[in-house]
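**Q** So here's final_35.csv (CSV, C-alpha atoms).
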chain,number,residue,atom,x,y,z
B,1,MET,CA,-43.3,-167.4,85.1
B,2,THR,CA,-42.1,-171.0,85.3
B,3,ARG,CA,-41.9,-173.6,88.0
B,4,SER,CA,-38.1,-173.1,88.1
B,5,SER,CA,-38.8,-169.4,89.0
B,6,PHE,CA,-40.5,-170.6,92.2
B,7,SER,CA,-38.0,-173.3,93.1
B,8,ALA,CA,-35.1,-170.9,92.8
B,9,GLY,CA,-36.4,-169.1,95.8
B,10,PHE,CA,-37.5,-172.1,97.9
B,11,LYS,CA,-34.5,-174.5,98.0
B,12,ARG,CA,-34.2,-177.3,100.6
B,13,ARG,CA,-33.1,-176.2,104.1
B,14,HIS,CA,-34.3,-172.6,103.4
B,15,GLY,CA,-37.5,-172.9,105.4
B,16,LEU,CA,-35.9,-171.8,108.6
B,17,TYR,CA,-34.3,-168.8,106.9
B,18,TRP,CA,-37.6,-167.7,105.5
B,19,ILE,CA,-39.1,-167.8,108.9
B,20,ILE,CA,-36.2,-165.8,110.3
B,21,LEU,CA,-36.5,-163.3,107.4
B,22,LEU,CA,-40.2,-162.8,108.2
B,23,GLY,CA,-39.6,-162.3,111.9
B,24,LEU,CA,-36.7,-159.9,111.3
B,25,THR,CA,-38.8,-157.9,108.8
B,26,LEU,CA,-41.7,-157.5,111.3
B,27,PHE,CA,-39.2,-156.5,114.0
B,28,PHE,CA,-37.6,-153.8,111.9
B,29,ILE,CA,-41.0,-152.5,110.7
B,30,ALA,CA,-42.0,-152.1,114.3
B,31,ILE,CA,-38.8,-150.2,115.1
B,32,LEU,CA,-39.1,-147.9,112.0
B,33,GLU,CA,-42.8,-147.2,112.8
B,34,LEU,CA,-41.8,-146.2,116.4
B,35,LEU,CA,-39.3,-143.8,114.8
B,36,HIS,CA,-42.0,-142.5,112.4
B,37,LEU,CA,-39.8,-143.2,109.4
B,38,PRO,CA,-41.4,-143.4,106.0
B,39,ALA,CA,-41.8,-146.6,103.9
B,40,SER,CA,-41.2,-148.8,106.9
B,41,PRO,CA,-42.3,-152.1,105.2
B,42,MET,CA,-39.9,-151.5,102.3
B,43,LEU,CA,-37.0,-150.5,104.5
B,44,GLY,CA,-37.7,-153.3,107.0
B,45,GLY,CA,-37.6,-155.8,104.2
B,46,ILE,CA,-34.3,-154.3,102.9
B,47,ILE,CA,-32.6,-154.4,106.3
B,48,ALA,CA,-33.8,-157.9,107.1
B,49,GLY,CA,-32.8,-159.1,103.7
B,50,CYS,CA,-29.3,-157.5,104.0
B,51,PHE,CA,-28.9,-159.1,107.5
B,52,LEU,CA,-29.4,-162.6,106.1
B,53,SER,CA,-27.6,-162.0,102.9
B,54,MET,CA,-24.5,-161.0,104.8
B,55,ARG,CA,-24.6,-164.4,106.4
B,56,ASP,CA,-24.8,-166.2,103.1
B,57,ALA,CA,-28.3,-167.5,103.7
B,58,GLY,CA,-28.7,-168.0,99.9
B,59,LEU,CA,-32.3,-166.8,99.8
B,60,GLN,CA,-33.9,-165.4,96.6
B,61,VAL,CA,-37.4,-164.0,96.1
B,62,PRO,CA,-39.0,-166.0,93.3
B,63,THR,CA,-39.5,-164.0,90.1
B,64,PRO,CA,-43.3,-164.2,90.1
B,65,PHE,CA,-43.5,-162.7,93.6
B,66,PHE,CA,-41.1,-159.9,92.6
B,67,LEU,CA,-43.3,-159.1,89.6
B,68,LEU,CA,-46.4,-159.1,91.8
B,69,GLY,CA,-44.7,-156.7,94.2
B,70,GLN,CA,-43.9,-154.4,91.4
B,71,SER,CA,-47.4,-154.5,90.1
B,72,LEU,CA,-48.9,-153.7,93.5
B,73,ILE,CA,-46.6,-150.7,93.9
B,74,GLY,CA,-47.5,-149.4,90.4
B,75,LEU,CA,-51.2,-149.8,91.2
B,76,MET,CA,-50.7,-147.9,94.5
B,77,ILE,CA,-49.0,-145.0,92.8
B,78,SER,CA,-51.8,-144.7,90.3
B,79,GLN,CA,-54.1,-143.7,93.2
B,80,SER,CA,-52.2,-140.4,93.4
B,81,PHE,CA,-53.5,-139.3,90.0
B,82,SER,CA,-57.1,-138.5,91.0
B,83,LEU,CA,-59.1,-135.9,89.1
B,84,PRO,CA,-58.9,-133.1,91.8
B,85,VAL,CA,-55.1,-133.4,91.8
B,86,LEU,CA,-54.9,-133.5,88.0
B,87,HIS,CA,-57.2,-130.4,87.9
B,88,GLY,CA,-54.8,-128.7,90.4
B,89,MET,CA,-51.9,-129.5,88.1
B,90,LEU,CA,-53.7,-127.9,85.1
B,91,ASP,CA,-54.6,-124.8,87.1
B,92,ASN,CA,-51.0,-124.3,88.1
B,93,TRP,CA,-49.4,-125.9,85.0
B,94,PHE,CA,-46.7,-123.2,84.4
B,95,LEU,CA,-45.5,-123.1,88.0
B,96,ALA,CA,-45.6,-126.8,88.2
B,97,LEU,CA,-43.6,-127.2,85.0
B,98,MET,CA,-41.0,-124.7,86.1
B,99,ILE,CA,-40.6,-126.2,89.6
B,100,VAL,CA,-40.4,-129.8,88.4
B,101,LEU,CA,-38.0,-129.0,85.5
B,102,SER,CA,-35.7,-127.2,87.9
B,103,ALA,CA,-35.7,-130.2,90.3
B,104,LEU,CA,-35.0,-132.5,87.4
B,105,LEU,CA,-32.2,-130.4,86.0
B,106,PHE,CA,-30.5,-130.0,89.4
B,107,ALA,CA,-30.8,-133.7,90.1
B,108,LEU,CA,-29.5,-134.6,86.6
B,109,ALA,CA,-26.5,-132.4,87.3
B,110,ALA,CA,-25.8,-134.2,90.5
B,111,GLY,CA,-26.3,-137.6,88.9
B,112,MET,CA,-24.2,-136.8,85.9
B,113,PHE,CA,-21.4,-135.6,88.2
B,114,ILE,CA,-21.4,-138.9,90.1
B,115,THR,CA,-21.7,-140.9,86.9
B,116,VAL,CA,-18.9,-139.1,85.0
B,117,ARG,CA,-16.6,-139.3,88.0
B,118,GLN,CA,-17.5,-143.0,88.3
B,119,TYR,CA,-18.2,-142.8,92.0
B,120,LEU,CA,-21.0,-145.3,91.3
B,121,PRO,CA,-21.2,-147.9,88.5
B,122,GLY,CA,-23.0,-147.4,85.3
B,123,THR,CA,-26.2,-145.2,85.4
B,124,THR,CA,-26.7,-145.8,89.1
B,125,GLY,CA,-26.0,-142.1,89.9
B,126,ILE,CA,-28.7,-141.0,87.5
B,127,TRP,CA,-31.4,-143.2,89.0
B,128,GLY,CA,-30.2,-142.7,92.6
B,129,THR,CA,-30.4,-138.9,92.4
B,130,SER,CA,-33.8,-138.8,90.8
B,131,PRO,CA,-35.8,-136.3,92.9
B,132,GLY,CA,-38.8,-138.5,93.8
B,133,ALA,CA,-40.6,-141.7,93.2
B,134,ALA,CA,-38.0,-143.7,95.2
B,135,THR,CA,-39.7,-147.1,94.8
B,136,ALA,CA,-40.4,-146.5,91.1
B,137,MET,CA,-36.8,-145.4,90.4
B,138,THR,CA,-35.4,-148.4,92.3
B,139,LEU,CA,-37.7,-150.9,90.5
B,140,MET,CA,-37.0,-149.4,87.0
B,141,SER,CA,-33.3,-148.9,87.4
B,142,GLU,CA,-32.3,-152.5,87.0
B,143,ALA,CA,-34.0,-152.8,83.7
B,144,TYR,CA,-31.8,-149.9,82.4
B,145,GLY,CA,-28.4,-151.1,83.5
B,146,ALA,CA,-28.1,-149.6,87.0
B,147,ASP,CA,-27.3,-151.4,90.3
B,148,MET,CA,-30.7,-151.6,92.0
B,149,ARG,CA,-29.1,-152.2,95.4
B,150,LEU,CA,-27.1,-148.9,95.3
B,151,VAL,CA,-30.0,-147.0,93.8
B,152,ALA,CA,-32.1,-148.2,96.8
B,153,VAL,CA,-29.5,-146.9,99.2
B,154,MET,CA,-29.4,-143.5,97.6
B,155,GLN,CA,-33.2,-143.2,97.1
B,156,TYR,CA,-34.2,-144.2,100.7
B,157,LEU,CA,-31.5,-142.1,102.2
B,158,ARG,CA,-33.0,-139.2,100.3
B,159,VAL,CA,-36.5,-139.9,101.5
B,160,MET,CA,-35.4,-140.1,105.1
B,161,VAL,CA,-33.3,-136.9,105.0
B,162,VAL,CA,-35.9,-134.9,103.1
B,163,SER,CA,-38.8,-136.1,105.4
B,164,ILE,CA,-36.8,-135.1,108.5
B,165,LEU,CA,-35.8,-131.8,107.1
B,166,ALA,CA,-39.4,-131.0,106.0
B,167,ALA,CA,-40.6,-131.5,109.6
B,168,VAL,CA,-37.7,-129.3,111.0
B,169,VAL,CA,-38.4,-126.5,108.5
B,170,ALA,CA,-42.1,-126.7,109.1
B,171,GLY,CA,-41.5,-126.3,112.9
B,172,PHE,CA,-39.1,-123.4,112.2
B,173,LEU,CA,-41.7,-121.7,110.0
B,174,GLY,CA,-44.3,-122.0,112.8
B,175,ALA,CA,-46.4,-124.9,111.6
B,176,GLU,CA,-48.6,-126.5,114.2
B,177,GLY,CA,-48.0,-130.1,115.3
B,178,ALA,CA,-49.0,-132.8,112.9
B,179,PRO,CA,-52.2,-134.6,113.6
B,180,VAL,CA,-52.0,-137.9,115.4
B,181,ALA,CA,-51.5,-140.4,112.7
B,182,ARG,CA,-53.6,-143.6,112.8
B,183,SER,CA,-51.8,-146.6,114.2
B,184,PHE,CA,-50.0,-148.9,111.9
B,185,TRP,CA,-52.4,-151.6,113.0
B,186,ASP,CA,-55.3,-149.5,111.7
B,187,TYR,CA,-53.4,-149.0,108.5
B,188,LEU,CA,-52.9,-152.7,108.1
B,189,PHE,CA,-56.5,-153.6,108.7
B,190,PRO,CA,-59.0,-150.9,107.6
B,191,PRO,CA,-62.7,-151.6,107.2
B,192,VAL,CA,-62.9,-154.5,104.7
B,193,ASP,CA,-63.9,-153.8,101.1
B,194,TRP,CA,-63.8,-157.3,99.7
B,195,GLU,CA,-65.1,-156.3,96.2
B,196,GLY,CA,-62.5,-153.5,95.8
B,197,THR,CA,-59.7,-155.7,97.2
B,198,GLY,CA,-60.7,-158.6,94.9
B,199,TYR,CA,-60.6,-156.3,91.8
B,200,ALA,CA,-57.3,-154.9,92.9
B,201,LEU,CA,-55.8,-158.5,93.2
B,202,LEU,CA,-57.1,-159.3,89.7
B,203,VAL,CA,-55.7,-156.1,88.2
B,204,THR,CA,-52.4,-156.8,90.0
B,205,LEU,CA,-52.1,-160.3,88.7
B,206,GLY,CA,-53.2,-159.4,85.1
B,207,CYS,CA,-50.8,-156.4,84.9
B,208,ALA,CA,-47.9,-158.4,86.3
B,209,TRP,CA,-48.5,-161.2,83.8
B,210,LEU,CA,-48.9,-158.7,80.9
B,211,GLY,CA,-45.8,-156.8,81.9
B,212,HIS,CA,-43.8,-160.1,82.0
B,213,VAL,CA,-44.9,-161.6,78.7
B,214,SER,CA,-44.7,-158.2,76.8
B,215,ARG,CA,-41.0,-157.9,77.6
B,216,PHE,CA,-41.7,-154.2,78.1
B,217,GLN,CA,-38.9,-152.8,80.3
B,218,ALA,CA,-40.3,-152.1,83.8
B,219,GLY,CA,-43.7,-153.2,82.4
B,220,PRO,CA,-44.9,-155.0,85.6
B,221,PHE,CA,-44.6,-151.6,87.3
B,222,ILE,CA,-45.6,-149.1,84.6
B,223,ILE,CA,-48.6,-150.9,83.1
B,224,PRO,CA,-50.6,-151.1,86.4
B,225,MET,CA,-49.8,-147.5,87.1
B,226,PHE,CA,-51.6,-146.4,83.9
B,227,VAL,CA,-54.3,-149.0,84.1
B,228,GLY,CA,-55.0,-147.9,87.8
B,229,THR,CA,-55.1,-144.3,86.8
B,230,ILE,CA,-57.8,-145.0,84.2
B,231,LEU,CA,-59.8,-147.2,86.6
B,232,LEU,CA,-59.6,-144.6,89.4
B,233,ASN,CA,-60.9,-141.7,87.3
B,234,THR,CA,-63.5,-143.6,85.3
B,235,GLY,CA,-65.0,-145.7,88.1
B,236,ILE,CA,-65.3,-148.7,85.8
B,237,ILE,CA,-64.5,-151.0,88.8
B,238,PRO,CA,-63.7,-150.2,92.4
B,239,ILE,CA,-60.1,-150.6,93.5
B,240,ALA,CA,-59.2,-151.0,97.2
B,241,LEU,CA,-55.6,-151.4,98.4
B,242,PRO,CA,-55.7,-152.3,102.1
B,243,GLY,CA,-52.6,-151.8,104.2
B,244,TRP,CA,-51.9,-155.5,104.6
B,245,LEU,CA,-51.8,-156.0,100.8
B,246,LEU,CA,-49.5,-153.0,100.2
B,247,THR,CA,-47.3,-154.1,103.1
B,248,ILE,CA,-46.9,-157.5,101.4
B,249,GLY,CA,-45.9,-155.8,98.2
B,250,PHE,CA,-43.4,-153.5,99.9
B,251,ALA,CA,-41.9,-156.3,101.8
B,252,LEU,CA,-41.5,-158.4,98.7
B,253,ILE,CA,-39.7,-155.6,96.9
B,254,GLY,CA,-37.6,-154.9,100.1
B,255,TRP,CA,-36.6,-158.6,100.3
B,256,SER,CA,-35.7,-158.6,96.5
B,257,ILE,CA,-33.3,-155.7,97.1
B,258,GLY,CA,-31.9,-156.7,100.5
B,259,LEU,CA,-31.2,-160.3,99.6
B,260,ARG,CA,-29.0,-159.2,96.7
B,261,PHE,CA,-26.6,-157.3,98.9
B,262,ASN,CA,-23.3,-158.8,99.8
B,263,ARG,CA,-20.2,-157.6,101.7
B,264,ALA,CA,-18.6,-156.1,98.7
B,265,VAL,CA,-21.7,-154.1,97.7
B,266,PHE,CA,-22.1,-152.9,101.3
B,267,LEU,CA,-18.5,-151.8,101.6
B,268,TYR,CA,-18.8,-150.1,98.2
B,269,ALA,CA,-21.9,-148.2,99.3
B,270,TRP,CA,-20.2,-147.2,102.6
B,271,ARG,CA,-17.2,-145.8,100.8
B,272,ALA,CA,-19.5,-143.8,98.5
B,273,LEU,CA,-21.7,-142.6,101.4
B,274,PRO,CA,-20.1,-139.1,101.6
B,275,LYS,CA,-20.7,-138.5,97.9
B,276,ILE,CA,-24.2,-139.8,98.1
B,277,LEU,CA,-25.0,-137.5,101.1
B,278,GLY,CA,-23.4,-134.6,99.2
B,279,ALA,CA,-25.7,-135.2,96.3
B,280,ILE,CA,-28.8,-135.4,98.5
B,281,PHE,CA,-28.0,-132.1,100.3
B,282,PHE,CA,-27.2,-130.5,97.0
B,283,MET,CA,-30.8,-131.4,95.9
B,284,VAL,CA,-32.3,-130.1,99.2
B,285,ALA,CA,-30.4,-126.8,98.9
B,286,THR,CA,-31.4,-126.2,95.3
B,287,SER,CA,-35.0,-127.0,96.1
B,288,GLY,CA,-34.8,-124.5,99.0
B,289,LEU,CA,-33.5,-121.9,96.5
B,290,VAL,CA,-36.5,-122.5,94.2
B,291,SER,CA,-38.9,-122.2,97.1
B,292,LEU,CA,-37.3,-118.8,98.0
B,293,LEU,CA,-37.9,-117.7,94.4
B,294,LEU,CA,-41.5,-118.7,94.7
B,295,VAL,CA,-41.9,-116.6,97.8
B,296,LEU,CA,-40.2,-113.6,96.3
B,297,PHE,CA,-41.7,-113.6,92.9
B,298,ALA,CA,-44.9,-115.6,93.0
B,299,GLY,CA,-46.2,-114.4,96.4
B,300,ILE,CA,-46.5,-117.9,97.8
B,301,ASP,CA,-46.2,-118.3,101.6
B,302,PRO,CA,-42.8,-119.8,102.7
B,303,LEU,CA,-44.2,-123.1,104.1
B,304,THR,CA,-46.3,-123.9,101.0
B,305,ALA,CA,-43.4,-123.0,98.8
B,306,TYR,CA,-41.0,-125.2,100.7
B,307,LEU,CA,-43.3,-128.2,100.9
B,308,ALA,CA,-44.2,-127.9,97.2
B,309,THR,CA,-40.6,-128.0,96.1
B,310,SER,CA,-39.4,-130.6,98.6
B,311,PRO,CA,-37.6,-133.3,96.6
B,312,GLY,CA,-39.4,-136.3,98.0
B,313,GLY,CA,-41.0,-137.5,101.2
B,314,VAL,CA,-44.5,-137.0,99.9
B,315,ASP,CA,-46.2,-138.7,102.8
B,316,ALA,CA,-44.4,-136.5,105.3
B,317,VAL,CA,-45.1,-133.4,103.2
B,318,ALA,CA,-48.9,-134.3,103.0
B,319,ILE,CA,-49.2,-134.7,106.8
B,320,ILE,CA,-47.4,-131.4,107.5
B,321,ALA,CA,-49.5,-129.6,104.9
B,322,VAL,CA,-52.7,-130.8,106.4
B,323,SER,CA,-51.7,-129.8,109.9
B,324,SER,CA,-50.2,-126.4,109.1
B,325,GLY,CA,-52.9,-124.7,107.0
B,326,ALA,CA,-50.6,-124.7,103.9
B,327,ASP,CA,-52.1,-124.8,100.4
B,328,MET,CA,-52.7,-128.5,100.2
B,329,VAL,CA,-54.1,-128.6,96.6
B,330,PHE,CA,-51.1,-126.6,95.3
B,331,ILE,CA,-48.6,-128.7,97.2
B,332,MET,CA,-50.0,-132.1,96.1
B,333,ALA,CA,-50.4,-130.9,92.5
B,334,ILE,CA,-46.7,-129.9,92.3
B,335,GLN,CA,-45.6,-133.1,94.1
B,336,THR,CA,-47.8,-135.3,91.9
B,337,ALA,CA,-46.5,-133.5,88.7
B,338,ARG,CA,-43.0,-134.2,90.0
B,339,LEU,CA,-43.8,-137.9,90.6
B,340,PHE,CA,-45.2,-138.2,87.1
B,341,LEU,CA,-42.4,-136.5,85.2
B,342,VAL,CA,-39.7,-138.2,87.2
B,343,ILE,CA,-41.1,-141.6,86.2
B,344,ILE,CA,-41.6,-140.6,82.6
B,345,SER,CA,-38.2,-139.0,82.2
B,346,GLY,CA,-36.2,-141.7,84.1
B,347,PRO,CA,-35.7,-144.1,81.1
B,348,PRO,CA,-34.7,-141.5,78.5
B,349,LEU,CA,-32.3,-139.8,80.9
B,350,ALA,CA,-30.7,-143.2,81.7
B,351,ARG,CA,-30.3,-143.9,77.9
B,352,VAL,CA,-28.6,-140.5,77.4
B,353,ALA,CA,-26.3,-141.1,80.4
B,354,THR,CA,-25.4,-144.6,79.1
B,355,GLY,CA,-24.5,-143.2,75.7
B,356,PHE,CA,-22.4,-140.5,77.2
B,357,ILE,CA,-20.6,-142.9,79.5
B,358,ARG,CA,-19.9,-145.3,76.6
B,359,LYS,CA,-18.4,-142.5,74.5
B,360,ARG,CA,-16.4,-141.2,77.4
B,361,MET,CA,-15.0,-144.7,78.3
B,362,HIS,CA,-14.2,-145.4,74.6
B,363,THR,CA,-12.3,-142.1,74.4
B,364,LYS,CA,-10.5,-142.8,77.6
B,365,ASN,CA,-9.5,-146.3,76.5
B,366,GLU,CA,-8.1,-144.9,73.3
B,367,THR,CA,-6.0,-142.3,75.0
B,368,GLN,CA,-4.7,-144.4,77.9
B,369,ASP,CA,-1.9,-146.9,77.4
B,370,SER,CA,-2.9,-149.1,80.3
B,371,PRO,CA,-5.0,-152.1,79.1
B,372,GLY,CA,-5.9,-153.1,82.6
B,373,GLU,CA,-9.3,-151.4,82.8
B,374,LYS,CA,-11.8,-152.6,80.3
B,375,SER,CA,-15.1,-150.9,80.0
B,376,ASP,CA,-18.3,-152.8,80.6
B,377,GLU,CA,-20.3,-151.9,77.5
B,378,LYS,CA,-23.6,-152.7,79.1
B,379,ASN,CA,-23.3,-150.6,82.3
B,380,GLY,CA,-20.6,-148.2,81.4
B,381,GLU,CA,-18.4,-149.4,84.3
B,382,THR,CA,-14.8,-150.5,84.6
B,383,SER,CA,-14.1,-154.0,85.8
B,384,GLU,CA,-12.4,-152.6,88.8
B,385,ASP,CA,-15.4,-150.4,89.7
B,386,LYS,CA,-18.2,-153.0,89.5
B,387,PRO,CA,-19.3,-154.4,92.9
B,388,ASP,CA,-19.2,-158.2,93.1
B,389,GLU,CA,-22.5,-159.9,92.3
Is it possible to give me this structure as C-alpha cells?
**A**
Amino acid sequence: MTRSSFSAGFKRRHGLYWIILLGLTLFFIAILELLHLPASPMLGGIIAGCFLSMRDAGLQVPTPFFLLGQSLIGLMISQSFSLPVLHGMLDNWFLALMIVLSALLFALAAGMFITVRQYLPGTTGIWGTSPGAATAMTLMSEAYGADMRLVAVMQYLRVMVVSILAAVVAGFLGAEGAPVARSFWDYLFPPVDWEGTGYALLVTLGCAWLGHVSRFQAGPFIIPMFVGTILLNTGIIPIALPGWLLTIGFALIGWSIGLRFNRAVFLYAWRALPKILGAIFFMVATSGLVSLLLVLFAGIDPLTAYLATSPGGVDAVAIIAVSSGADMVFIMAIQTARLFLVIISGPPLARVATGFIRKRMHTKNETQDSPGEKSDEKNGETSEDKPDE
C-alpha cells in the first residue's frame, strides 16, 4: 500500500465530486431503506458511484481503502459461523450437503450455459450465478478473471428477487407478519462497545495488510473470514462490528464497483438483462423443486423447506423465519452451509470454467476461417465481447 495508491483516488479538483458521491450515497441508502431492500449501503454506493462514473467524474477508491472494505466484510461474514449454527450443520449434515450440492449444481449449469454461449465475458457467468454470498462472490470474482461490475449486477439482482419472492411465498404459506425491524439509525449506532470495536479495527487492518502482502488471491477477504471465525468461537478477544463501521465497509466496496462502470458496461449489462433474469428465475425454480422434495420425502413443513433452500437473501430469510415459527436452527444451518461451500467452491469452479473456455475458444479459432475474433487468453473472451474498460 503505497502513497501513490492514495493519490490515485484523490486527485486535484476531485474534492467536490467526493462530497457529491457521499451525499448521493446517503440519499440512495435512505431510499433503499424505505423500500426495505437488502444491502442498502452496498447498493447505495454502487448506484451513486455509477451516477458519477457515467458523468466522467474520474474518481477512484484508493487501493488501501478497498482492501479495508474487503477485510471488514470478511470479518462480518465470519460472525455467521457461531458454534450453535455449526452444531446445527453437523446435526443435519446429510440434508445440508444434498441441498447445498443441488443448489451449486443447478447454479453451475446456469453459469456454464451463460459462459459457453458467451452472453457475458470470461468467467463472469460462473461468479454471477453463484447461489449465495453475493458480496463475497463479487469481491473474489475480479481476482479470478471475471468482470466484477457485471458480477455485482447479477448477484444483487438475485438478492433482491429472492428476498421479495421469499416474503411473497411466506405470505402465501400463511406466515405471520414480520416483526418490526429496528430502525436504520439504531443499526448504525448500537450501544457502544469500544473494546470490541477497537479489536475489530485491529483485526481488520492486520488481515487487510496480510492479505495484500501475501499476494493470496482474494486474501484481504478470505483471511479475516477464517480469523474471525476462530476468534468468535474461542473468545480469545471480543469482536464488535457496529453498524456504522459495516456501513463504511459496504459503501467503500459499493463505490469501488460503481465507479468502474461506464456507458459501454452499462449498455452491455442492459442487453444481457433478459438472460441474467432467466438464470435467476431458473435458480429460484430449481430451489423450489428441492424444497418440494424435502416436504414430500423428509417430512419438513413447506415454509421451513422453502426458506432453507432459498438461493440467497439470508437477512430476509432470517426475519421471516423468526416471525413465522419456522425451524430457525435448521434454516440457518442450511443457509450457513450454503454460504460456506459457495465461498470455498467459487475459485476451483472458476478455474475449471476458464480451462473449458480456453479449450473451446482454441478449438473454435482452429475451425473458423475468420481471423477477426481473437480470444483473450486471460478471461476467455473475444475482443468483440469485452466491455470497454
**Q** What is the atom CA of B:Gly206 to atom CA of B:Ala240 distance in Å?
**A**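 Calculated distance between atom CA of B:Gly206 and atom CA of B:Ala240 is 15.9 Å.
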**Q** At what distance in Å, to one decimal, does atom CA of B:Ser53 lie from atom CA of B:Gly128?
**A**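 These atoms are spaced 22.0 Å apart.
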**Q** Counting all atoms listed in the file, figure out which residue out of B:Phe266, B:Phe65, B:Phe113, B:Phe81 gets nearest to B:Gly228.
**A**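 Going through B:Phe266, B:Phe65, B:Phe113, B:Phe81 one by one, the smallest distance to B:Gly228 is for B:Phe81.
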**Q** Please compute the atom CA of B:Val317-atom CA of B:Ala103 distance, one decimal, in Å.
**A** 16.3 Å
**Q** Taking all atoms listed in the file into account, name the residue in B:Ala48, B:Val116, B:Leu105, B:Leu67 that is nearest to B:Ser345.
**A**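 Nearest candidate to B:Ser345 out of B:Ala48, B:Val116, B:Leu105, B:Leu67: B:Leu105.
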**Q** Under the rule that only C-alpha atoms are counted, which of B:Trp270, B:Phe261, B:Tyr119, B:Phe221 is the nearest residue to B:Arg55?
**A**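 Residue with the minimum atom-to-atom distance to B:Arg55: B:Phe261.
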**Q** Could you tell me which of B:Met112, B:Ala143, B:Ile239, B:Val162 comes closest to B:Leu277 if we count only C-alpha atoms?
**A**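 Going through B:Met112, B:Ala143, B:Ile239, B:Val162 one by one, the smallest distance to B:Leu277 is for B:Val162.
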**Q** Would you list the contacts of B:Gly45 as a PyMOL selection string, taking every protein, DNA or RNA residue within 9 Å and counting all atoms listed in the file, but skipping same-chain residues closer than 2 positions in sequence?
**A** chain B and resi 21-22+24-26+28-29+40-43+47-50+250-258
**Q** Given the choices B:Ile237, B:Met332, B:Ala152, B:Val159, which gets closest to B:Ile280 if the distance is worked out from all atoms listed in the file?
**A** B:Val159
**Q** Write out as a count of residues only each polymer residue whose atoms come within 10 Å of B:Leu101, counting all atoms listed in the file; drop sequence neighbours fewer than 4 positions from it.
**A** 9
**Q** Tell me which residues come within 12 Å of (-36.9, -128.0, 90.2), as a ChimeraX atom specification, counting only C-alpha atoms in the file's coordinates.
**A** /B:95-109,130-132,283-291,293-294,305-306,308-312,334-335,337-338,341-342
**Q** For B:Tyr199, which residue among B:Pro238, B:Gly299, B:Pro274, B:Gly125 is the nearest when counting only C-alpha atoms?
**A**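 Nearest candidate to B:Tyr199 out of B:Pro238, B:Gly299, B:Pro274, B:Gly125: B:Pro238.
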